[in-house]
Every structure is written in structure tokens, then in C-alpha cells.
file coords_20.csv (CSV, N, CA and C atoms)
chain,number,residue,atom,x,y,z
X,16,MET,N,-6.0,-3.7,132.0
X,16,MET,CA,-6.9,-4.5,131.2
X,16,MET,C,-6.4,-4.9,129.9
X,17,TYR,N,-6.0,-3.9,129.1
X,17,TYR,CA,-5.4,-4.2,127.8
X,17,TYR,C,-4.0,-3.7,127.8
X,18,GLY,N,-3.1,-4.3,128.6
X,18,GLY,CA,-1.8,-3.9,128.9
X,18,GLY,C,-1.0,-3.3,127.8
X,19,GLY,N,-0.6,-4.1,126.8
X,19,GLY,CA,0.3,-3.7,125.7
X,19,GLY,C,-0.4,-3.2,124.5
X,20,GLY,N,-1.7,-2.9,124.5
X,20,GLY,CA,-2.4,-2.5,123.3
X,20,GLY,C,-1.9,-1.3,122.6
X,21,ALA,N,-1.5,-0.3,123.3
X,21,ALA,CA,-1.0,0.9,122.6
X,21,ALA,C,0.3,0.7,122.0
X,22,MET,N,1.2,-0.1,122.6
X,22,MET,CA,2.5,-0.3,122.1
X,22,MET,C,2.4,-1.3,120.9
X,23,GLU,N,1.4,-2.3,121.0
X,23,GLU,CA,1.2,-3.2,119.9
X,23,GLU,C,0.7,-2.4,118.6
X,24,PHE,N,-0.2,-1.5,118.9
X,24,PHE,CA,-0.8,-0.7,117.8
X,24,PHE,C,0.3,0.1,117.2
X,25,LEU,N,1.1,0.8,118.0
X,25,LEU,CA,2.2,1.7,117.5
X,25,LEU,C,3.2,0.8,116.7
X,26,ASP,N,3.5,-0.3,117.2
X,26,ASP,CA,4.5,-1.2,116.5
X,26,ASP,C,3.9,-1.6,115.1
X,27,LYS,N,2.7,-2.0,115.0
X,27,LYS,CA,2.1,-2.3,113.7
X,27,LYS,C,2.0,-1.1,112.8
X,28,PHE,N,1.7,0.0,113.4
X,28,PHE,CA,1.6,1.3,112.6
X,28,PHE,C,2.9,1.6,112.0
X,29,VAL,N,4.0,1.5,112.8
X,29,VAL,CA,5.3,1.9,112.2
X,29,VAL,C,5.7,0.9,111.1
X,30,THR,N,5.4,-0.4,111.3
X,30,THR,CA,5.7,-1.4,110.3
X,30,THR,C,5.0,-1.1,109.0
X,31,THR,N,3.7,-0.8,109.2
X,31,THR,CA,2.9,-0.5,108.0
X,31,THR,C,3.4,0.8,107.3
X,32,ILE,N,3.8,1.8,108.0
X,32,ILE,CA,4.3,3.0,107.4
X,32,ILE,C,5.6,2.7,106.6
X,33,ARG,N,6.5,1.8,107.2
X,33,ARG,CA,7.7,1.4,106.5
X,33,ARG,C,7.4,0.8,105.1
X,34,PHE,N,6.4,-0.1,105.1
X,34,PHE,CA,6.0,-0.8,103.9
X,34,PHE,C,5.4,0.2,102.9
X,35,LEU,N,4.6,1.2,103.4
X,35,LEU,CA,4.0,2.2,102.5
X,35,LEU,C,5.1,3.1,101.9
X,36,ILE,N,6.1,3.5,102.7
X,36,ILE,CA,7.2,4.3,102.2
X,36,ILE,C,8.0,3.5,101.1
X,37,GLU,N,8.2,2.3,101.4
X,37,GLU,CA,8.9,1.4,100.4
X,37,GLU,C,8.1,1.3,99.1
X,38,GLY,N,6.8,1.2,99.2
X,38,GLY,CA,5.9,1.1,98.1
X,38,GLY,C,5.9,2.4,97.3
X,39,VAL,N,6.0,3.5,97.9
X,39,VAL,CA,6.0,4.8,97.2
X,39,VAL,C,7.3,4.9,96.4
X,40,GLY,N,8.4,4.4,97.0
X,40,GLY,CA,9.7,4.5,96.3
X,40,GLY,C,9.6,3.6,95.0
X,41,VAL,N,9.1,2.4,95.1
X,41,VAL,CA,8.9,1.6,93.9
X,41,VAL,C,8.0,2.2,92.9
X,42,THR,N,6.9,2.8,93.4
X,42,THR,CA,6.0,3.4,92.4
X,42,THR,C,6.6,4.5,91.7
X,43,VAL,N,7.4,5.4,92.4
X,43,VAL,CA,8.0,6.5,91.7
X,43,VAL,C,9.1,6.0,90.8
X,44,SER,N,9.8,4.9,91.1
X,44,SER,CA,10.8,4.4,90.2
X,44,SER,C,10.2,3.8,88.9
X,45,VAL,N,9.1,3.1,89.1
X,45,VAL,CA,8.4,2.5,87.9
X,45,VAL,C,7.9,3.6,87.1
X,46,THR,N,7.3,4.7,87.7
X,46,THR,CA,6.8,5.8,86.9
X,46,THR,C,7.9,6.5,86.1
X,47,LEU,N,9.0,6.7,86.7
X,47,LEU,CA,10.1,7.4,86.0
X,47,LEU,C,10.6,6.6,84.9
X,48,VAL,N,10.8,5.3,85.0
X,48,VAL,CA,11.2,4.4,83.9
X,48,VAL,C,10.2,4.4,82.8
X,49,ALA,N,8.9,4.2,83.2
X,49,ALA,CA,7.9,4.1,82.2
X,49,ALA,C,7.7,5.4,81.4
X,50,LEU,N,7.7,6.5,82.1
X,50,LEU,CA,7.6,7.8,81.4
X,50,LEU,C,8.8,8.1,80.5
X,51,THR,N,10.0,7.7,80.9
X,51,THR,CA,11.1,7.9,80.1
X,51,THR,C,11.0,7.0,78.8
X,52,VAL,N,10.7,5.8,79.0
X,52,VAL,CA,10.5,4.9,77.8
X,52,VAL,C,9.4,5.4,76.9
X,53,GLY,N,8.3,5.8,77.6
X,53,GLY,CA,7.1,6.3,76.8
X,53,GLY,C,7.4,7.6,76.0
X,54,PHE,N,8.2,8.5,76.7
X,54,PHE,CA,8.6,9.7,76.0
X,54,PHE,C,9.5,9.4,74.8
X,55,VAL,N,10.5,8.6,74.9
X,55,VAL,CA,11.4,8.3,73.8
X,55,VAL,C,10.6,7.6,72.7
X,56,LEU,N,9.8,6.6,73.0
X,56,LEU,CA,8.9,5.9,72.0
X,56,LEU,C,7.9,6.9,71.4
X,57,GLY,N,7.3,7.7,72.2
X,57,GLY,CA,6.3,8.6,71.7
X,57,GLY,C,6.9,9.6,70.7
X,58,VAL,N,8.0,10.2,71.0
X,58,VAL,CA,8.7,11.2,70.1
X,58,VAL,C,9.1,10.4,68.8
X,59,LEU,N,9.7,9.3,68.9
X,59,LEU,CA,10.1,8.5,67.8
X,59,LEU,C,9.0,8.1,66.9
X,60,MET,N,7.9,7.6,67.5
X,60,MET,CA,6.7,7.2,66.7
X,60,MET,C,6.0,8.4,66.0
X,61,ALA,N,6.0,9.5,66.7
X,61,ALA,CA,5.3,10.7,66.2
X,61,ALA,C,6.1,11.2,65.0
X,62,ILE,N,7.4,11.2,65.1
X,62,ILE,CA,8.3,11.7,64.0
X,62,ILE,C,8.1,10.7,62.8
X,63,LEU,N,8.1,9.5,63.1
X,63,LEU,CA,7.9,8.5,62.0
X,63,LEU,C,6.5,8.7,61.3
X,64,ARG,N,5.5,8.9,62.1
X,64,ARG,CA,4.1,9.1,61.5
X,64,ARG,C,4.0,10.4,60.7
X,65,VAL,N,4.7,11.4,61.1
X,65,VAL,CA,4.6,12.7,60.4
X,65,VAL,C,5.6,12.8,59.2
X,66,TYR,N,6.8,12.4,59.4
X,66,TYR,CA,7.9,12.6,58.4
X,66,TYR,C,8.4,11.3,57.8
X,67,GLY,N,8.0,10.1,58.3
X,67,GLY,CA,8.5,8.9,57.8
X,67,GLY,C,8.0,8.5,56.4
X,68,SER,N,8.7,7.5,55.8
X,68,SER,CA,8.2,6.9,54.6
X,68,SER,C,6.9,6.2,54.8
X,69,ARG,N,6.3,5.7,53.8
X,69,ARG,CA,5.0,5.1,53.9
X,69,ARG,C,5.0,3.8,54.8
X,70,PRO,N,6.0,2.9,54.6
X,70,PRO,CA,6.1,1.7,55.5
X,70,PRO,C,6.3,2.1,57.0
X,71,LEU,N,7.2,3.1,57.2
X,71,LEU,CA,7.4,3.6,58.6
X,71,LEU,C,6.2,4.2,59.2
X,72,ARG,N,5.5,5.0,58.4
X,72,ARG,CA,4.2,5.6,58.9
X,72,ARG,C,3.2,4.5,59.3
X,73,SER,N,3.1,3.5,58.4
X,73,SER,CA,2.2,2.4,58.7
X,73,SER,C,2.6,1.6,60.0
X,74,LEU,N,3.9,1.4,60.2
X,74,LEU,CA,4.4,0.8,61.4
X,74,LEU,C,4.1,1.5,62.6
X,75,ALA,N,4.3,2.9,62.6
X,75,ALA,CA,4.1,3.7,63.7
X,75,ALA,C,2.6,3.8,64.0
X,76,ALA,N,1.8,3.9,63.0
X,76,ALA,CA,0.3,3.9,63.2
X,76,ALA,C,-0.2,2.6,63.8
X,77,THR,N,0.3,1.5,63.3
X,77,THR,CA,-0.1,0.2,63.8
X,77,THR,C,0.3,0.0,65.3
X,78,TYR,N,1.5,0.4,65.6
X,78,TYR,CA,1.9,0.4,67.0
X,78,TYR,C,1.0,1.2,67.9
X,79,SER,N,0.7,2.4,67.4
X,79,SER,CA,-0.2,3.3,68.2
X,79,SER,C,-1.6,2.7,68.4
X,80,VAL,N,-2.2,2.2,67.3
X,80,VAL,CA,-3.5,1.6,67.4
X,80,VAL,C,-3.6,0.3,68.2
X,81,VAL,N,-2.6,-0.6,68.0
X,81,VAL,CA,-2.7,-1.9,68.7
X,81,VAL,C,-2.4,-1.7,70.1
X,82,VAL,N,-1.4,-0.9,70.5
X,82,VAL,CA,-1.0,-0.8,71.9
X,82,VAL,C,-2.1,-0.1,72.7
X,83,ARG,N,-2.8,0.9,72.0
X,83,ARG,CA,-3.8,1.6,72.7
X,83,ARG,C,-5.1,0.8,72.8
X,84,ALA,N,-5.3,-0.2,71.9
X,84,ALA,CA,-6.4,-1.1,72.0
X,84,ALA,C,-6.3,-2.2,73.0
X,85,VAL,N,-5.1,-2.6,73.3
X,85,VAL,CA,-4.9,-3.7,74.3
X,85,VAL,C,-4.8,-3.1,75.7
X,86,PRO,N,-5.6,-3.7,76.6
X,86,PRO,CA,-5.5,-3.2,78.0
X,86,PRO,C,-4.1,-3.3,78.6
X,87,VAL,N,-3.7,-2.3,79.4
X,87,VAL,CA,-2.4,-2.3,79.9
X,87,VAL,C,-2.1,-3.5,80.8
X,88,VAL,N,-3.1,-4.0,81.5
X,88,VAL,CA,-2.8,-5.2,82.3
X,88,VAL,C,-2.5,-6.4,81.5
X,89,VAL,N,-3.1,-6.5,80.3
X,89,VAL,CA,-2.8,-7.6,79.4
X,89,VAL,C,-1.3,-7.4,78.9
X,90,THR,N,-0.9,-6.2,78.6
X,90,THR,CA,0.5,-6.0,78.2
X,90,THR,C,1.4,-6.3,79.3
X,91,ILE,N,1.1,-6.0,80.5
X,91,ILE,CA,2.0,-6.3,81.7
X,91,ILE,C,2.0,-7.9,81.8
X,92,PHE,N,0.9,-8.6,81.7
X,92,PHE,CA,0.9,-10.0,81.8
X,92,PHE,C,1.7,-10.6,80.7
X,93,LEU,N,1.6,-10.1,79.5
X,93,LEU,CA,2.3,-10.7,78.3
X,93,LEU,C,3.8,-10.5,78.5
X,94,LEU,N,4.2,-9.3,78.9
X,94,LEU,CA,5.7,-9.1,79.2
X,94,LEU,C,6.2,-9.9,80.3
X,95,TYR,N,5.4,-10.0,81.4
X,95,TYR,CA,6.0,-10.7,82.6
X,95,TYR,C,5.9,-12.2,82.4
X,96,PHE,N,4.8,-12.8,81.9
X,96,PHE,CA,4.7,-14.2,81.9
X,96,PHE,C,5.2,-14.9,80.6
X,97,VAL,N,5.2,-14.1,79.5
X,97,VAL,CA,5.6,-14.7,78.2
X,97,VAL,C,7.0,-14.3,77.9
X,98,ILE,N,7.2,-13.0,77.7
X,98,ILE,CA,8.5,-12.5,77.3
X,98,ILE,C,9.6,-12.7,78.4
X,99,ALA,N,9.2,-12.4,79.6
X,99,ALA,CA,10.2,-12.6,80.7
X,99,ALA,C,10.7,-14.0,80.9
X,100,SER,N,9.9,-15.0,80.5
X,100,SER,CA,10.3,-16.4,80.5
X,100,SER,C,11.3,-16.7,79.4
X,101,ILE,N,11.2,-16.0,78.3
X,101,ILE,CA,12.2,-16.2,77.2
X,101,ILE,C,13.5,-15.3,77.5
X,102,VAL,N,13.3,-14.1,77.8
X,102,VAL,CA,14.4,-13.1,78.0
X,102,VAL,C,14.3,-12.9,79.6
X,103,ASP,N,15.5,-12.8,80.2
X,103,ASP,CA,15.5,-12.7,81.6
X,103,ASP,C,15.2,-11.3,82.0
X,104,LEU,N,13.9,-11.0,82.3
X,104,LEU,CA,13.4,-9.7,82.8
X,104,LEU,C,13.0,-9.8,84.2
X,105,SER,N,13.3,-8.8,85.0
X,105,SER,CA,12.8,-8.7,86.4
X,105,SER,C,11.4,-8.3,86.3
X,106,PRO,N,10.6,-8.5,87.4
X,106,PRO,CA,9.2,-8.0,87.4
X,106,PRO,C,9.2,-6.5,87.3
X,107,PHE,N,10.2,-5.8,88.0
X,107,PHE,CA,10.2,-4.4,87.9
X,107,PHE,C,10.4,-3.9,86.5
X,108,LEU,N,11.3,-4.5,85.7
X,108,LEU,CA,11.6,-4.1,84.4
X,108,LEU,C,10.4,-4.5,83.4
X,109,ALA,N,9.8,-5.6,83.6
X,109,ALA,CA,8.7,-6.0,82.8
X,109,ALA,C,7.5,-5.1,83.0
X,110,GLY,N,7.2,-4.7,84.2
X,110,GLY,CA,6.1,-3.8,84.5
X,110,GLY,C,6.4,-2.4,84.0
X,111,SER,N,7.6,-2.0,84.2
X,111,SER,CA,8.0,-0.6,83.7
X,111,SER,C,8.0,-0.5,82.2
X,112,LEU,N,8.5,-1.6,81.5
X,112,LEU,CA,8.4,-1.5,80.0
X,112,LEU,C,7.0,-1.6,79.5
X,113,ALA,N,6.2,-2.4,80.1
X,113,ALA,CA,4.8,-2.5,79.7
X,113,ALA,C,4.1,-1.2,79.8
X,114,LEU,N,4.3,-0.5,80.9
X,114,LEU,CA,3.7,0.8,81.1
X,114,LEU,C,4.3,1.8,80.2
X,115,GLY,N,5.6,1.7,79.9
X,115,GLY,CA,6.3,2.6,79.0
X,115,GLY,C,5.8,2.4,77.6
X,116,PHE,N,5.5,1.2,77.1
X,116,PHE,CA,5.0,0.9,75.8
X,116,PHE,C,3.6,1.6,75.7
X,117,ALA,N,2.8,1.4,76.7
X,117,ALA,CA,1.4,2.0,76.6
X,117,ALA,C,1.5,3.5,76.6
X,118,SER,N,2.4,4.0,77.5
X,118,SER,CA,2.6,5.5,77.6
X,118,SER,C,3.1,6.0,76.2
X,119,GLY,N,4.0,5.3,75.6
X,119,GLY,CA,4.5,5.7,74.3
X,119,GLY,C,3.5,5.8,73.2
X,120,ALA,N,2.5,4.9,73.2
X,120,ALA,CA,1.4,5.0,72.2
X,120,ALA,C,0.6,6.2,72.4
X,121,TYR,N,0.3,6.5,73.6
X,121,TYR,CA,-0.6,7.7,73.9
X,121,TYR,C,0.2,9.0,73.6
X,122,GLN,N,1.5,9.0,74.1
X,122,GLN,CA,2.3,10.2,73.8
X,122,GLN,C,2.6,10.4,72.4
X,123,SER,N,2.7,9.3,71.6
X,123,SER,CA,3.0,9.5,70.2
X,123,SER,C,1.8,10.3,69.5
X,124,GLU,N,0.6,10.0,69.9
X,124,GLU,CA,-0.6,10.7,69.4
X,124,GLU,C,-0.5,12.2,69.8
X,125,ILE,N,-0.1,12.5,71.0
X,125,ILE,CA,0.0,13.9,71.5
X,125,ILE,C,1.0,14.6,70.7
X,126,PHE,N,2.2,14.0,70.5
X,126,PHE,CA,3.3,14.7,69.8
X,126,PHE,C,3.0,14.8,68.3
X,127,ARG,N,2.3,13.8,67.7
X,127,ARG,CA,1.9,13.8,66.3
X,127,ARG,C,1.0,15.0,66.1
X,128,GLY,N,0.0,15.2,67.0
X,128,GLY,CA,-0.9,16.3,66.9
X,128,GLY,C,-0.2,17.6,67.0
X,129,ALA,N,0.8,17.7,67.9
X,129,ALA,CA,1.5,18.9,68.1
X,129,ALA,C,2.3,19.2,66.8
X,130,LEU,N,3.0,18.2,66.2
X,130,LEU,CA,3.8,18.4,65.0
X,130,LEU,C,2.9,18.8,63.8
X,131,GLN,N,1.7,18.3,63.7
X,131,GLN,CA,0.8,18.6,62.6
X,131,GLN,C,0.1,19.9,62.8
X,132,SER,N,0.1,20.4,64.0
X,132,SER,CA,-0.6,21.7,64.2
X,132,SER,C,0.3,22.9,63.9
X,133,VAL,N,1.6,22.7,63.6
X,133,VAL,CA,2.5,23.8,63.2
X,133,VAL,C,2.2,24.1,61.7
X,134,ALA,N,1.9,25.3,61.4
X,134,ALA,CA,1.6,25.7,60.1
X,134,ALA,C,2.9,25.5,59.2
X,135,PRO,N,2.7,25.2,57.9
X,135,PRO,CA,3.8,25.0,57.0
X,135,PRO,C,4.7,26.2,56.9
X,136,GLY,N,4.2,27.4,56.9
X,136,GLY,CA,5.0,28.6,56.9
X,136,GLY,C,5.9,28.7,58.1
X,137,GLN,N,5.4,28.4,59.3
X,137,GLN,CA,6.2,28.4,60.5
X,137,GLN,C,7.2,27.3,60.5
X,138,MET,N,6.9,26.2,59.9
X,138,MET,CA,7.9,25.1,59.9
X,138,MET,C,9.1,25.5,58.9
X,139,THR,N,8.7,26.1,57.8
X,139,THR,CA,9.8,26.6,56.9
X,139,THR,C,10.6,27.7,57.5
X,140,ALA,N,10.0,28.6,58.3
X,140,ALA,CA,10.8,29.6,59.0
X,140,ALA,C,11.7,29.0,60.0
X,141,ALA,N,11.2,28.0,60.7
X,141,ALA,CA,12.0,27.4,61.8
X,141,ALA,C,13.2,26.6,61.2
X,142,ARG,N,13.0,26.0,60.0
X,142,ARG,CA,14.1,25.3,59.3
X,142,ARG,C,15.1,26.3,58.8
X,143,ALA,N,14.7,27.5,58.5
X,143,ALA,CA,15.6,28.5,57.9
X,143,ALA,C,16.6,29.0,59.0
X,144,ILE,N,16.2,28.9,60.2
X,144,ILE,CA,17.0,29.5,61.3
X,144,ILE,C,18.2,28.6,61.5

call {"tool": "encode", "arguments": {"input": "coords_20.csv", "output": "C-alpha cells"}}
result
Amino acid sequence: MYGGGAMEFLDKFVTTIRFLIEGVGVTVSVTLVALTVGFVLGVLMAILRVYGSRPLRSLAATYSVVVRAVPVVVTIFLLYFVIASIVDLSPFLAGSLALGFASGAYQSEIFRGALQSVAPGQMTAARAI
């Protein structure tokens, strides 16, 4: 009655699984790049906010506030449609950098809070070592 139904289903299922596995690989790659960029930016901005001069503190605070206020999808669109047309960026790199910039803004606040939570006496003791 339905002669090749099971084989057709199995064929479509295997094709779909291949696409899903490929998608997981891309997702993991984007995540690794974005978290790496976010970590570096986050640590740098946190250090600037805590130990930088007044202009550098203002710059780091502005970055944190502005990037956290703008939705991530808007940042992705700006990087992909505006910046990528000026500078040759692949869609992968544009998306990864946009997510990395957003991640860096949030991580900078986490690291800033961690740096400011260390008591001055403990910081002096750590510097003495």
C-alpha cells in the first residue's frame, strides 16, 4: 500500500540529523568565539573601570551601559549589514563578534563587582606577595 514509506522517512530523518549535527557544530563554534571575545573585553573593561584614569573609566562605563542597553539582535544586524559591508566580515565572524561584544559588557560588570569586593587590606597583602 505505502511501498517506500519507511525508507523515505528514514532517508529524510538521516538528512535532518546531518543538518542538526552541522548546526550544533556551528553553534558551538560561535559560542566559543563569542565567549573568548567577551572574556577578553570583560576583563579589560573591568580593569579600566576599577583602576583606569577618569577618561578610561568613563569609556569603559559607557561601553558597558550602551552595549547592555542595545538588544543583541540589533548589534548583530549593525555588524552584519553595516560594518560587514565596509569591512570584509563573514556572517560567522559578524555574529560571533556581536555576541562577544554583548557578552563582554555583561562580563565586565561581573568582573568589576568581583574586583571591588576584595577588601583593601587583602589587595595590599596580595600585592606584597

call {"tool": "closest_atom_pairs", "arguments": {"input": "coords_20.csv", "of": "stretch 16-79 of chain X", "to": "stretch 112-124 of chain X", "cutoff": "8 Å", "atoms": "only C-alpha atoms", "output": "tab-separated table"}}
result
residue	atom	partner	partner_atom	distance
X:Val48	CA	X:Gly115	CA	7.2
X:Ala49	CA	X:Gly115	CA	3.9
X:Leu50	CA	X:Gly115	CA	5.9
X:Thr51	CA	X:Gly115	CA	7.2
X:Val52	CA	X:Gly115	CA	4.9
X:Gly53	CA	X:Gly119	CA	3.7
X:Phe54	CA	X:Gly119	CA	6.0
X:Val55	CA	X:Gly119	CA	7.4
X:Leu56	CA	X:Gly119	CA	5.0
X:Gly57	CA	X:Ser123	CA	3.7
X:Val58	CA	X:Ser123	CA	5.9
X:Leu59	CA	X:Ser123	CA	7.6
X:Met60	CA	X:Ser123	CA	5.6
X:Ala61	CA	X:Ser123	CA	4.8
X:Tyr78	CA	X:Ala120	CA	7.0
X:Ser79	CA	X:Ala120	CA	4.6

call {"tool": "closest_residue", "arguments": {"input": "coords_20.csv", "among": "X:Gly110, X:Arg142, X:Gln137, X:Arg127", "to": "X:Ser44", "atoms": "only C-alpha atoms"}}
result
X:Gly110

call {"tool": "atom_distance", "arguments": {"input": "coords_20.csv", "atom1": "atom C of X:Val89", "atom2": "atom CA of X:Ala109"}}
result
10.8 Å

call {"tool": "atom_distance", "arguments": {"input": "coords_20.csv", "atom1": "atom N of X:Leu35", "atom2": "atom C of X:Leu93"}}
result
27.5 Å

call {"tool": "atom_distance", "arguments": {"input": "coords_20.csv", "atom1": "atom CA of X:Val81", "atom2": "atom CA of X:Leu94"}}
result
15.3 Å

call {"tool": "residues_around", "arguments": {"input": "coords_20.csv", "residues": "X:Ala76", "least_positions_apart": "4", "cutoff": "7 Å", "atoms": "only C-alpha atoms", "output": "list in words"}}
result
Arg64, Arg72 and Val80 of chain X

call {"tool": "select_by_dssp", "arguments": {"input": "coords_20.csv", "residues": "chain X", "states": "alpha helix (DSSP H)", "output": "ChimeraX atom specification"}}
result
/X:20-66,69-84,87-92,99-101,106-132,135-143

call {"tool": "closest_residue", "arguments": {"input": "coords_20.csv", "among": "X:Ile125, X:Leu71, X:Ile144, X:Val45", "to": "X:Leu108", "atoms": "all atoms listed in the file"}}
result
X:Val45

call {"tool": "decode", "arguments": {"input": "coords_20.csv", "residues": "stretch 45-76 of chain X", "atoms": "N, CA and C atoms", "output": "PDB file, in the first residue's frame"}}
result
ATOM      1  N   VAL X  45      30.481  29.362  17.301  1.00  0.00           N
ATOM      2  CA  VAL X  45      30.088  30.751  17.570  1.00  0.00           C
ATOM      3  C   VAL X  45      30.185  31.035  19.066  1.00  0.00           C
ATOM      4  N   THR X  46      29.743  30.095  19.874  1.00  0.00           N
ATOM      5  CA  THR X  46      29.784  30.269  21.322  1.00  0.00           C
ATOM      6  C   THR X  46      31.212  30.406  21.826  1.00  0.00           C
ATOM      7  N   LEU X  47      32.103  29.563  21.348  1.00  0.00           N
ATOM      8  CA  LEU X  47      33.500  29.631  21.791  1.00  0.00           C
ATOM      9  C   LEU X  47      34.152  30.953  21.398  1.00  0.00           C
ATOM     10  N   VAL X  48      33.923  31.397  20.180  1.00  0.00           N
ATOM     11  CA  VAL X  48      34.497  32.673  19.739  1.00  0.00           C
ATOM     12  C   VAL X  48      33.892  33.828  20.535  1.00  0.00           C
ATOM     13  N   ALA X  49      32.579  33.825  20.700  1.00  0.00           N
ATOM     14  CA  ALA X  49      31.906  34.918  21.403  1.00  0.00           C
ATOM     15  C   ALA X  49      32.329  34.984  22.872  1.00  0.00           C
ATOM     16  N   LEU X  50      32.427  33.841  23.527  1.00  0.00           N
ATOM     17  CA  LEU X  50      32.833  33.849  24.933  1.00  0.00           C
ATOM     18  C   LEU X  50      34.288  34.265  25.100  1.00  0.00           C
ATOM     19  N   THR X  51      35.129  33.895  24.149  1.00  0.00           N
ATOM     20  CA  THR X  51      36.528  34.316  24.217  1.00  0.00           C
ATOM     21  C   THR X  51      36.639  35.828  24.053  1.00  0.00           C
ATOM     22  N   VAL X  52      35.965  36.362  23.051  1.00  0.00           N
ATOM     23  CA  VAL X  52      35.966  37.813  22.844  1.00  0.00           C
ATOM     24  C   VAL X  52      35.351  38.509  24.057  1.00  0.00           C
ATOM     25  N   GLY X  53      34.254  37.983  24.567  1.00  0.00           N
ATOM     26  CA  GLY X  53      33.593  38.565  25.729  1.00  0.00           C
ATOM     27  C   GLY X  53      34.451  38.540  26.971  1.00  0.00           C
ATOM     28  N   PHE X  54      35.187  37.441  27.159  1.00  0.00           N
ATOM     29  CA  PHE X  54      36.052  37.336  28.331  1.00  0.00           C
ATOM     30  C   PHE X  54      37.165  38.375  28.271  1.00  0.00           C
ATOM     31  N   VAL X  55      37.814  38.477  27.115  1.00  0.00           N
ATOM     32  CA  VAL X  55      38.919  39.439  26.972  1.00  0.00           C
ATOM     33  C   VAL X  55      38.404  40.874  27.157  1.00  0.00           C
ATOM     34  N   LEU X  56      37.310  41.206  26.474  1.00  0.00           N
ATOM     35  CA  LEU X  56      36.739  42.549  26.624  1.00  0.00           C
ATOM     36  C   LEU X  56      36.252  42.794  28.054  1.00  0.00           C
ATOM     37  N   GLY X  57      35.648  41.788  28.654  1.00  0.00           N
ATOM     38  CA  GLY X  57      35.124  41.938  30.009  1.00  0.00           C
ATOM     39  C   GLY X  57      36.212  42.205  31.019  1.00  0.00           C
ATOM     40  N   VAL X  58      37.297  41.448  30.955  1.00  0.00           N
ATOM     41  CA  VAL X  58      38.407  41.656  31.893  1.00  0.00           C
ATOM     42  C   VAL X  58      39.037  43.024  31.660  1.00  0.00           C
ATOM     43  N   LEU X  59      39.269  43.373  30.386  1.00  0.00           N
ATOM     44  CA  LEU X  59      39.881  44.659  30.067  1.00  0.00           C
ATOM     45  C   LEU X  59      39.017  45.826  30.559  1.00  0.00           C
ATOM     46  N   MET X  60      37.732  45.773  30.272  1.00  0.00           N
ATOM     47  CA  MET X  60      36.843  46.870  30.684  1.00  0.00           C
ATOM     48  C   MET X  60      36.691  46.940  32.204  1.00  0.00           C
ATOM     49  N   ALA X  61      36.679  45.795  32.865  1.00  0.00           N
ATOM     50  CA  ALA X  61      36.580  45.798  34.331  1.00  0.00           C
ATOM     51  C   ALA X  61      37.820  46.414  34.955  1.00  0.00           C
ATOM     52  N   ILE X  62      38.987  46.072  34.430  1.00  0.00           N
ATOM     53  CA  ILE X  62      40.224  46.660  34.950  1.00  0.00           C
ATOM     54  C   ILE X  62      40.236  48.169  34.698  1.00  0.00           C
ATOM     55  N   LEU X  63      39.788  48.576  33.515  1.00  0.00           N
ATOM     56  CA  LEU X  63      39.727  50.011  33.224  1.00  0.00           C
ATOM     57  C   LEU X  63      38.750  50.727  34.147  1.00  0.00           C
ATOM     58  N   ARG X  64      37.625  50.099  34.443  1.00  0.00           N
ATOM     59  CA  ARG X  64      36.634  50.753  35.315  1.00  0.00           C
ATOM     60  C   ARG X  64      37.098  50.860  36.747  1.00  0.00           C
ATOM     61  N   VAL X  65      37.894  49.902  37.198  1.00  0.00           N
ATOM     62  CA  VAL X  65      38.325  49.918  38.595  1.00  0.00           C
ATOM     63  C   VAL X  65      39.635  50.688  38.768  1.00  0.00           C
ATOM     64  N   TYR X  66      40.590  50.468  37.871  1.00  0.00           N
ATOM     65  CA  TYR X  66      41.924  51.024  38.062  1.00  0.00           C
ATOM     66  C   TYR X  66      42.325  52.072  37.037  1.00  0.00           C
ATOM     67  N   GLY X  67      41.483  52.356  36.061  1.00  0.00           N
ATOM     68  CA  GLY X  67      41.852  53.282  34.998  1.00  0.00           C
ATOM     69  C   GLY X  67      41.734  54.736  35.405  1.00  0.00           C
ATOM     70  N   SER X  68      42.263  55.606  34.546  1.00  0.00           N
ATOM     71  CA  SER X  68      42.114  57.040  34.765  1.00  0.00           C
ATOM     72  C   SER X  68      40.659  57.428  34.514  1.00  0.00           C
ATOM     73  N   ARG X  69      40.330  58.660  34.822  1.00  0.00           N
ATOM     74  CA  ARG X  69      38.942  59.098  34.687  1.00  0.00           C
ATOM     75  C   ARG X  69      38.399  58.933  33.264  1.00  0.00           C
ATOM     76  N   PRO X  70      39.147  59.344  32.214  1.00  0.00           N
ATOM     77  CA  PRO X  70      38.606  59.148  30.854  1.00  0.00           C
ATOM     78  C   PRO X  70      38.435  57.671  30.497  1.00  0.00           C
ATOM     79  N   LEU X  71      39.366  56.832  30.942  1.00  0.00           N
ATOM     80  CA  LEU X  71      39.250  55.399  30.650  1.00  0.00           C
ATOM     81  C   LEU X  71      38.098  54.770  31.419  1.00  0.00           C
ATOM     82  N   ARG X  72      37.884  55.206  32.655  1.00  0.00           N
ATOM     83  CA  ARG X  72      36.728  54.717  33.427  1.00  0.00           C
ATOM     84  C   ARG X  72      35.435  55.101  32.732  1.00  0.00           C
ATOM     85  N   SER X  73      35.374  56.337  32.240  1.00  0.00           N
ATOM     86  CA  SER X  73      34.172  56.799  31.537  1.00  0.00           C
ATOM     87  C   SER X  73      33.946  56.011  30.254  1.00  0.00           C
ATOM     88  N   LEU X  74      35.016  55.755  29.524  1.00  0.00           N
ATOM     89  CA  LEU X  74      34.912  54.970  28.292  1.00  0.00           C
ATOM     90  C   LEU X  74      34.389  53.567  28.577  1.00  0.00           C
ATOM     91  N   ALA X  75      34.949  52.924  29.592  1.00  0.00           N
ATOM     92  CA  ALA X  75      34.522  51.562  29.936  1.00  0.00           C
ATOM     93  C   ALA X  75      33.082  51.545  30.437  1.00  0.00           C
ATOM     94  N   ALA X  76      32.703  52.538  31.223  1.00  0.00           N
ATOM     95  CA  ALA X  76      31.325  52.600  31.721  1.00  0.00           C
ATOM     96  C   ALA X  76      30.342  52.852  30.584  1.00  0.00           C
TER      97      ALA X  76
END
